[in-house]
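Undergrad: Below is the file entry09.txt, with compact mmCIF, C-alpha atoms.
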```
# COMPACT_ATOMS: atom_id res chain seq x y z
CA MET A 5 99.06 126.99 120.43
CA VAL A 6 101.91 124.49 120.08
CA ARG A 7 104.12 123.70 123.05
CA LEU A 8 106.89 121.16 123.60
CA VAL A 9 108.42 120.95 127.08
CA ASP A 10 111.67 118.98 127.64
CA VAL A 11 110.68 116.50 124.94
CA CYS A 12 112.79 113.42 124.28
CA LYS A 13 112.01 110.78 121.69
CA THR A 14 113.81 107.45 121.44
CA TYR A 15 112.63 105.03 118.75
CA ASP A 16 112.40 101.27 119.25
CA ASN A 17 115.70 100.77 117.41
CA GLY A 18 117.49 102.92 119.98
CA THR A 19 117.76 106.09 117.89
CA ARG A 20 117.52 109.22 120.07
CA ALA A 21 115.77 111.61 117.72
CA LEU A 22 115.00 114.39 120.21
CA LYS A 23 117.02 115.27 123.31
CA GLY A 24 115.20 117.69 125.58
CA VAL A 25 113.44 119.95 123.06
CA SER A 26 111.37 122.86 124.36
CA LEU A 27 109.46 125.02 121.90
CA ARG A 28 106.46 127.32 122.02
CA ILE A 29 104.58 128.61 118.97
CA ASP A 30 101.80 131.06 119.76
CA ASP A 31 98.59 131.47 117.80
CA GLY A 32 99.14 133.54 114.67
CA GLU A 33 102.90 133.03 114.40
CA PHE A 34 104.82 132.08 111.27
CA VAL A 35 107.82 129.89 112.12
CA PHE A 36 110.43 128.22 109.93
CA LEU A 37 111.91 124.97 111.29
CA VAL A 38 115.31 124.31 109.72
CA GLY A 39 118.07 121.75 110.11
CA PRO A 40 119.94 119.01 108.25
CA SER A 41 118.53 115.59 107.43
CA GLY A 42 118.26 113.49 110.57
CA SER A 43 118.22 116.50 112.87
CA GLY A 44 114.77 115.77 114.35
CA LYS A 45 112.47 117.88 112.19
CA SER A 46 110.36 114.95 111.00
CA THR A 47 110.05 113.62 114.53
CA ILE A 48 108.64 116.96 115.68
CA ILE A 49 106.06 116.87 112.87
CA LYS A 50 105.05 113.32 113.81
CA LEU A 51 104.61 114.37 117.43
CA LEU A 52 102.49 117.37 116.49
CA THR A 53 100.17 115.26 114.32
CA GLY A 54 99.82 112.51 116.93
CA GLU A 55 101.55 109.90 114.78
CA ILE A 56 103.98 109.15 117.61
CA ARG A 57 104.15 109.94 121.34
CA PRO A 58 107.04 111.48 123.29
CA SER A 59 109.31 109.20 125.30
CA GLU A 60 109.72 111.97 127.88
CA GLY A 61 108.36 115.48 128.30
CA ARG A 62 105.11 117.07 127.23
CA VAL A 63 103.62 117.99 123.85
CA HIS A 64 100.49 120.17 123.62
CA VAL A 65 98.80 121.02 120.33
CA ASN A 66 95.63 123.12 120.13
CA GLY A 67 94.46 122.00 123.55
CA TYR A 68 95.41 118.32 123.14
CA SER A 69 98.10 116.60 125.23
CA ILE A 70 99.81 114.22 122.82
CA GLY A 71 101.26 111.95 125.51
CA ALA A 72 97.81 111.30 126.97
CA LEU A 73 95.91 111.34 123.67
CA ARG A 74 93.49 108.46 123.21
CA THR A 75 93.50 106.77 119.82
CA ARG A 76 89.88 107.73 119.22
CA ASP A 77 90.77 111.42 119.77
CA VAL A 78 93.56 111.53 117.17
CA PRO A 79 91.15 112.43 114.30
CA PHE A 80 89.82 115.36 116.34
CA LEU A 81 93.36 116.64 116.90
CA ARG A 82 94.08 116.37 113.19
CA ARG A 83 90.98 118.38 112.30
CA THR A 84 92.67 121.35 114.00
CA LEU A 85 95.69 120.93 111.69
CA GLY A 86 96.30 121.32 108.00
CA VAL A 87 99.32 119.39 106.74
CA ILE A 88 101.06 120.10 103.42
CA PHE A 89 103.61 117.68 101.94
CA GLN A 90 106.18 118.15 99.19
CA ASP A 91 104.70 115.31 97.10
CA PHE A 92 101.21 116.92 97.01
CA ARG A 93 99.29 113.62 97.59
CA LEU A 94 96.42 114.52 95.30
CA VAL A 95 93.94 112.04 93.79
CA ASP A 96 94.51 112.04 90.03
CA LYS A 97 91.02 110.78 89.19
CA LYS A 98 89.38 113.68 91.02
CA SER A 99 89.17 117.28 89.84
CA VAL A 100 90.74 120.13 91.79
CA TYR A 101 87.31 120.92 93.26
CA GLU A 102 86.72 117.27 94.22
CA ASN A 103 90.19 116.90 95.81
CA VAL A 104 89.47 119.83 98.08
CA ALA A 105 85.82 118.95 98.74
CA PHE A 106 86.78 115.40 99.72
CA ALA A 107 88.62 116.73 102.79
CA MET A 108 85.34 118.30 103.94
CA ARG A 109 83.28 115.20 103.26
CA VAL A 110 85.46 113.01 105.45
CA VAL A 111 84.73 115.24 108.47
CA GLY A 112 80.99 115.18 107.81
CA ALA A 113 80.44 118.58 106.20
CA SER A 114 77.07 119.09 104.52
CA PRO A 115 76.75 119.56 100.75
CA ARG A 116 75.75 123.18 101.37
CA GLU A 117 78.85 123.83 103.49
CA ILE A 118 81.00 122.32 100.75
CA ARG A 119 79.38 124.44 98.03
CA LEU A 120 80.07 127.60 100.03
CA ARG A 121 83.54 126.83 101.34
CA VAL A 122 85.36 125.20 98.41
CA PRO A 123 85.00 128.11 95.93
CA TYR A 124 86.15 130.54 98.64
CA VAL A 125 89.32 128.57 99.37
CA LEU A 126 90.09 127.96 95.69
CA ASP A 127 89.82 131.70 95.13
CA LEU A 128 92.16 132.30 98.09
CA VAL A 129 94.88 130.15 96.49
CA GLY A 130 94.22 131.54 93.00
CA LEU A 131 92.75 128.42 91.41
CA SER A 132 89.09 129.24 90.83
CA HIS A 133 89.63 128.94 87.08
CA LYS A 134 91.15 125.48 87.44
CA ALA A 135 88.41 123.94 89.59
CA ARG A 136 87.41 121.30 87.02
CA ARG A 137 90.93 120.34 85.96
CA ARG A 138 92.63 117.12 87.04
CA PRO A 139 95.93 117.31 88.96
CA TYR A 140 97.93 115.94 86.01
CA GLU A 141 96.76 118.94 83.95
CA LEU A 142 98.39 121.38 86.39
CA SER A 143 101.92 122.61 86.92
CA GLY A 144 103.82 121.59 90.04
CA GLY A 145 103.17 124.97 91.65
CA GLU A 146 99.46 124.69 90.91
CA GLN A 147 99.32 121.18 92.35
CA GLN A 148 100.93 122.45 95.53
CA ARG A 149 98.34 125.23 95.72
CA VAL A 150 95.63 122.56 95.52
CA ALA A 151 97.33 120.79 98.42
CA ILE A 152 97.34 124.07 100.36
CA ALA A 153 93.64 124.58 99.61
CA ARG A 154 92.92 121.08 100.87
CA ALA A 155 94.90 121.78 104.06
CA LEU A 156 92.93 125.01 104.58
CA ILE A 157 89.47 123.75 103.76
CA ASN A 158 88.44 122.76 107.29
CA ASN A 159 89.70 126.04 108.74
CA PRO A 160 92.57 124.60 110.83
CA LYS A 161 94.23 126.52 113.63
CA VAL A 162 97.70 125.48 112.47
CA ILE A 163 99.18 124.74 109.04
CA ILE A 164 102.19 122.41 109.06
CA ALA A 165 104.08 122.63 105.77
CA ASP A 166 106.63 119.80 105.50
CA GLU A 167 109.13 120.78 102.78
CA PRO A 168 106.27 122.32 100.74
CA THR A 169 108.62 123.61 98.03
CA GLY A 170 110.95 120.61 97.81
CA ASN A 171 109.81 119.62 94.31
CA LEU A 172 109.47 123.13 92.88
CA ASP A 173 111.75 125.53 91.05
CA PRO A 174 112.82 128.78 92.81
CA ALA A 175 110.09 130.94 91.25
CA ARG A 176 107.32 128.52 92.22
CA SER A 177 108.88 128.05 95.66
CA LEU A 178 108.70 131.78 96.29
CA GLU A 179 105.09 131.80 95.07
CA ILE A 180 104.09 129.04 97.52
CA MET A 181 105.87 130.62 100.49
CA THR A 182 104.28 134.00 99.69
CA LEU A 183 100.88 132.29 99.68
CA LEU A 184 101.60 130.75 103.10
CA GLU A 185 102.58 134.20 104.35
CA ARG A 186 99.26 135.55 103.10
CA ILE A 187 97.37 132.74 104.84
CA ASN A 188 99.26 133.53 108.05
CA ALA A 189 98.26 137.18 107.74
CA LEU A 190 94.62 136.04 107.80
CA GLY A 191 95.22 134.53 111.25
CA THR A 192 96.34 130.93 110.71
CA THR A 193 99.48 129.75 112.50
CA VAL A 194 102.10 128.41 110.07
CA LEU A 195 105.01 126.06 110.80
CA ALA A 196 107.10 125.57 107.65
CA VAL A 197 109.85 122.95 107.56
CA THR A 198 112.45 123.58 104.87
CA HIS A 199 116.06 123.16 103.78
CA GLU A 200 115.96 126.17 101.47
CA LYS A 201 118.29 128.80 102.91
CA GLU A 202 117.61 131.45 100.26
CA LEU A 203 113.86 131.17 100.76
CA VAL A 204 114.09 131.49 104.54
CA ASN A 205 116.39 134.49 104.27
CA ARG A 206 113.91 136.25 101.99
CA PHE A 207 111.22 136.32 104.70
CA ALA A 208 111.69 138.14 108.02
CA LYS A 209 110.23 135.35 110.14
CA ARG A 210 111.13 133.46 113.28
CA VAL A 211 113.59 130.68 112.50
CA VAL A 212 114.01 127.68 114.82
CA ALA A 213 117.09 125.60 114.03
CA ILE A 214 117.49 122.02 115.19
CA ASP A 215 120.57 119.82 114.94
CA GLY A 216 121.33 116.48 116.56
CA GLY A 217 117.94 116.39 118.24
CA ARG A 218 118.43 119.70 120.03
CA ILE A 219 117.29 123.24 119.27
CA ILE A 220 120.44 125.28 118.71
CA SER A 221 118.90 128.59 117.65
CA ASP A 222 115.55 130.34 117.92
CA ARG A 223 115.45 133.87 116.57
CA THR A 224 114.25 136.16 113.81
CA GLY A 225 116.73 136.89 111.09
CA GLY A 226 117.25 134.02 108.68
CA TYR A 227 118.89 130.71 107.96
CA TYR A 228 122.35 132.30 107.76
CA GLN A 229 122.41 132.66 111.55
CA TYR A 230 121.85 128.92 111.88
CA GLU A 231 124.71 128.23 109.47
CA ALA A 232 126.97 130.53 111.50
CA LEU A 233 126.18 128.61 114.67
CA ARG A 234 126.98 125.28 113.00
CA ASN A 235 130.28 126.61 111.71
```
Would you mind writing the file out in structure tokens?

TA:
Amino acid sequence: MVRLVDVCKTYDNGTRALKGVSLRIDDGEFVFLVGPSGSGKSTIIKLLTGEIRPSEGRVHVNGYSIGALRTRDVPFLRRTLGVIFQDFRLVDKKSVYENVAFAMRVVGASPREIRLRVPYVLDLVGLSHKARRRPYELSGGEQQRVAIARALINNPKVIIADEPTGNLDPARSLEIMTLLERINALGTTVLAVTHEKELVNRFAKRVVAIDGGRIISDRTGGYYQYEALRN
């Protein structure tokens, strides 16, 4: 579960990024987080991953209190999360299989666990036949599916997708979001940050809108409702 209670965040330069944000995401939910650049979306992601701490209020993620989190516990928090970025962040010298397996090795998985888990996850994202290819041999949509497989490989409780379709064309964007919906249906919580109004409106999911460091809308129905509130 993810919970923010009256969270404020002021950076060292004086920027007030969040101004009393309260948000709860229950296990198994699929939530879109929308808002313009500078609205506070990235700050929320950084709080959830333990990169920064709140200035005021409380942040709880999968049983961890971010404000009280010890530095040595940050890796354990992050093992409960799978994070997907728009720029993929794959290692070009490694194959698809090796890119995904590497995420298991760094948490101490055994060779047997890797042999069993990696083919399963590659099949889930539709890339079993590309396991030995290098990232540069794949399309943008395929590279993003590798990134999703890597995020899934350690069976996280929550997937955080930060503009996962930002570098993709509309057809590939729809493909990636449909895959995230499928992953959510298997029980994983998904928080997807996006600017893409048409994509959000295509899926009947909960949409949380943030603007100026405050949540201005939290409902099911689409991005258009957020635009109406702004206008």

Undergrad: Between A:Val122, A:Ile88, A:Val65, A:Leu8, which residue has the minimum interatomic distance to Lys23 of chain A, considering all atoms listed in the file?

TA: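 Closest to Lys23 of chain A of all the choices is A:Leu8.
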
Undergrad: Could you please give me, as a PyMOL selection string, the residues of protein, DNA or RNA lying at most 12 Å from (101.2, 121.6, 89.7) in the coordinate frame of the file, considering only C-alpha atoms?

TA: chain A and resi 90-94+96+100+131+134+137-152+169+171-173+176-177+180

Undergrad: Find the distance between atom CA of Thr53 of chain A and atom CA of Gly226 of chain A and write it in Å to one decimal.

TA: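 Between atom CA of Thr53 of chain A and atom CA of Gly226 of chain A the gap is 26.0 Å.
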
Undergrad: What is the distance, in Å and to one decimal place, between atom CA of Arg28 of chain A and atom CA of Met5 of chain A?

TA: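 Going from atom CA of Arg28 of chain A over to atom CA of Met5 of chain A covers 7.6 Å.
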
Undergrad: The residues within 10 Å of (100.3, 132.9, 104.4), using all atoms listed in the file and the coordinates of the file, should be reported as a PyMOL selection string; which are they?

TA: chain A and resi 34+129+163+180-194

Undergrad: Report, in Å to a single decimal, how far apart atom CA of Gly217 of chain A and atom CA of Ala21 of chain A are.

TA: 5.3 Å

Undergrad: Would you place a box with edges along x, y and z of the file around all atoms of segment 37-41 of chain A listed there, add 4 Å to each of its six sides, and report the centre and edge lengths in Å to one decimal, as JSON?

TA:
```
{"center_x": 115.9, "center_y": 120.3, "center_z": 109.4, "size_x": 16.0, "size_y": 17.4, "size_z": 11.9}
```

Undergrad: Ranking A:Ala135, A:Arg83, A:Ser41, A:Leu120 by minimum distance to Glu102 of chain A and counting all atoms listed in the file, which one comes first?

TA: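 The closest residue to Glu102 of chain A is A:Ala135.
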
Undergrad: With all atoms listed in the file as the counted atoms, please give the residues lying no more than 10 Å from Ser26 of chain A, apart from itself and same-chain residues fewer than 4 positions off, as a count of residues only.

TA: 11
